[in-house]
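Colleague: One structure is given below, represented as structure tokens, and several questions about it will come after.
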Amino acid sequence: MSPGAPPSPPATRGDAAKLVPRPLFGGAVAIALPEPFFDVSPVRQIPDNQEVFVTLDNDQSVIVELLELEAETDDGEAARFHFTNLAEANDATGEAQCDVLRVETLSHADLPHFPAGTAASLLTGRQLVSKFDKAARDVVDIYLGVVRLRAHATDLLVSFNVPRPADDLGLPAPMDAVAVREALKSLVVLDYGLFGQS
């Protein structure tokens with residue numbers, strides 16, 4: 001798969017949809033997402049460790065997931081580790097089906113609601129994904145944020161999935177690189193009791 005240029009943020013957000021706070025896991029966590037995203041849990045069964053939001057018009061999705069901390073994985077490699085697991089779930093493990101475009105460390109300024117020194121990273125990648133048993137695969141831009149809550153033995157993942165089908169007309173998308181950063185900046189744990197005893 002030839003990734004081409006990495007997804008790049010527009011100069012301004014202009015007419016982009018505003019971000020709306022969304023409670024997660026019974027209000028223990030919160031994140032702000034663009035208005036077009038809606039919670040799918042009323043219409044689809046979702047695992048207890050996930051929250052899933054989608055758009056109706058262009059099939060974008062945001063998945064917030066709580067996973068057991070991969071203690072043997074270095075902080076700098078955690079995003080790649082989880083991206084590889086996602087590729088396996090998407091049956092996109094071939095060299096031509098899965099590309100990591102960049103991985104960057106997130107600072108306290110990027111995640112102001114977490115303690116200074118919290119290990120976190122943002123991976124930008126692409127996978128070729130076949131949905132609904134279609135023969136053709138769609139290119140999906142994936143922004144994967146990983147926050148490592150070592151004191152609570154938890155990896156907090158936020159994945160933003162932006163399909164780019166072959167017939168993409170270049171319509172405006174509610175989720176882009178700028179919105180991803182804004183959403184991650186809003187991420188906050190309001191009740192650490194969610195993780196049980198640390």
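Labeling convention for the structure tokens: chains A, B, ... as they appear, residues from 1 per chain, ligands from 1 in order of appearance.
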Please report as a Markdown table every residue of stretch 44-127 of chain A lying within 6 Å of stretch 136-143 of chain A, along with the nearest atom pair and their distance in Å (one decimal), using only C-alpha atoms.

Modeller:
| residue | atom | partner | partner_atom | distance |
| --- | --- | --- | --- | --- |
| A:Leu123 | CA | A:Tyr143 | CA | 5.7 |
| A:Thr124 | CA | A:Tyr143 | CA | 4.7 |
| A:Gly125 | CA | A:Ile142 | CA | 5.2 |
| A:Arg126 | CA | A:Asp141 | CA | 4.6 |
| A:Gln127 | CA | A:Val140 | CA | 5.4 |

Colleague: Keeping only N, CA and C atoms, write the selected residues as a short mmCIF file (atom, residue, chain, number, x, y, z; two decimals), in the first residue's frame.

Modeller:
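Dumped everything to result.cif:
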data_model
loop_
_atom_site.label_atom_id
_atom_site.label_comp_id
_atom_site.auth_asym_id
_atom_site.auth_seq_id
_atom_site.Cartn_x
_atom_site.Cartn_y
_atom_site.Cartn_z
N LEU A 123 -0.36 8.17 17.41
CA LEU A 123 0.10 7.51 16.18
C LEU A 123 -0.83 7.89 15.04
N THR A 124 -0.25 8.24 13.92
CA THR A 124 -1.01 8.46 12.69
C THR A 124 -0.66 7.34 11.72
N GLY A 125 -1.66 6.63 11.25
CA GLY A 125 -1.41 5.51 10.36
C GLY A 125 -2.53 5.29 9.38
N ARG A 126 -2.36 4.29 8.54
CA ARG A 126 -3.38 3.91 7.57
C ARG A 126 -3.47 2.40 7.49
N GLN A 127 -4.69 1.93 7.31
CA GLN A 127 -4.92 0.51 7.09
C GLN A 127 -5.90 0.33 5.94
#

Colleague: Got a sec: who's within 9 Å of A:Ala32, counting only C-alpha atoms, leaving out chain neighbours fewer than 2 positions off, as a list in words?

Modeller: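 The filter keeps Leu19, Val20, Pro21, Arg22, Pro23, Ala30, Pro34, Glu182, Ala183, Leu184, Lys185, Ser186 and Leu187 of chain A.
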
Colleague: Residues of stretch 26-175 of chain A in alpha helix (DSSP H) according to DSSP, as a list of chain:residue names?

Modeller: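 So the alpha helix (DSSP H) residues in stretch 26-175 of chain A would be A:Ala78, A:Ala79, A:Arg80, A:Phe81, A:His82, A:Phe83, A:Thr84, A:Asn85, A:Leu86, A:Ala87, A:Glu88, A:Ala89.
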
Colleague: Using only C-alpha atoms, please write the residues we just selected to a file, as a compact mmCIF listing (two decimals), in the first residue's frame.

Modeller:
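The result, stored in result_32.txt:
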# COMPACT_ATOMS: atom_id res chain seq x y z
CA ALA A 78 2.79 1.32 23.12
CA ALA A 79 0.99 3.07 20.26
CA ARG A 80 2.62 0.79 17.67
CA PHE A 81 1.72 -2.25 19.77
CA HIS A 82 -1.96 -1.31 19.92
CA PHE A 83 -2.01 -0.24 16.26
CA THR A 84 -0.72 -3.69 15.30
CA ASN A 85 -3.43 -5.33 17.39
CA LEU A 86 -6.01 -3.15 15.63
CA ALA A 87 -4.61 -4.23 12.26
CA GLU A 88 -5.03 -7.87 13.27
CA ALA A 89 -8.64 -7.22 14.25

Colleague: Can you tell me, as a PyMOL selection string, what residues are no more than 6 Å from stretch 53-69 of chain A when counting only C-alpha atoms, ignoring any on the same chain fewer than 4 positions away?

Modeller: chain A and resi 36-40+49+153-162

Colleague: Keeping C-alpha atoms for every residue in the selection just given, could you write it to a file as a PDB file, in the first residue's frame?

Modeller:
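result.pdb written:
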ATOM      1  CA  PRO A  36     -22.033  14.758  13.938  1.00  0.00           C
ATOM      2  CA  PHE A  37     -20.839  11.860  16.103  1.00  0.00           C
ATOM      3  CA  PHE A  38     -23.463   9.940  18.039  1.00  0.00           C
ATOM      4  CA  ASP A  39     -23.265   7.209  20.670  1.00  0.00           C
ATOM      5  CA  VAL A  40     -24.106   3.822  19.149  1.00  0.00           C
ATOM      6  CA  ASN A  49     -14.597  -1.495  28.220  1.00  0.00           C
ATOM      7  CA  ALA A 153      -2.704  -0.731  35.289  1.00  0.00           C
ATOM      8  CA  THR A 154      -4.629   0.653  32.309  1.00  0.00           C
ATOM      9  CA  ASP A 155      -3.899   1.750  28.761  1.00  0.00           C
ATOM     10  CA  LEU A 156      -6.528   4.312  27.743  1.00  0.00           C
ATOM     11  CA  LEU A 157      -6.957   4.268  23.966  1.00  0.00           C
ATOM     12  CA  VAL A 158      -8.810   6.725  21.758  1.00  0.00           C
ATOM     13  CA  SER A 159      -8.907   5.726  18.083  1.00  0.00           C
ATOM     14  CA  PHE A 160     -10.245   8.037  15.394  1.00  0.00           C
ATOM     15  CA  ASN A 161     -11.068   6.144  12.185  1.00  0.00           C
ATOM     16  CA  VAL A 162     -11.549   8.121   8.974  1.00  0.00           C
TER      17      VAL A 162
END

Colleague: Which one is closest to A:Asp75: A:Ile46, A:Ala109, A:Val146, A:Val129? Count only C-alpha atoms.

Modeller: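 Checking each of A:Ile46, A:Ala109, A:Val146, A:Val129 against A:Asp75, counting only C-alpha atoms, the winner is A:Val146.
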
Colleague: What parts of stretch 21-165 of chain A does DSSP call strand (DSSP E)? I'd like the answer as number ranges by chain.

Modeller: A: 21-24, 29-34, 38-39, 50-54, 61-68, 98-105, 120-129, 138-149, 154-164

Colleague: Rounded to one decimal place, report the atom CA of A:Val188-atom CA of A:Asn90 distance in Å.

Modeller: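 If I compute the distance from atom CA of A:Val188 to atom CA of A:Asn90, I get 28.1 Å.
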
Colleague: For the atom pair atom CA of A:Pro47 and atom CA of A:Leu194, what is the interatomic distance in Å to one decimal place?

Modeller: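 According to the coordinates, atom CA of A:Pro47 and atom CA of A:Leu194 are separated by 15.2 Å.
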
Colleague: What is the distance between atom CA of A:Gln50 and atom CA of A:Gly145, in Å to one decimal?

Modeller: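 Pair atom CA of A:Gln50 / atom CA of A:Gly145 returns 14.4 Å.
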
Colleague: Report as a list in words all protein, DNA and RNA residues lying within 10 Å of A:Gly117, evaluated on only C-alpha atoms, omitting residues in the same chain fewer than 4 positions from it.

Modeller: Leu106, Ser107 and His108 of chain A
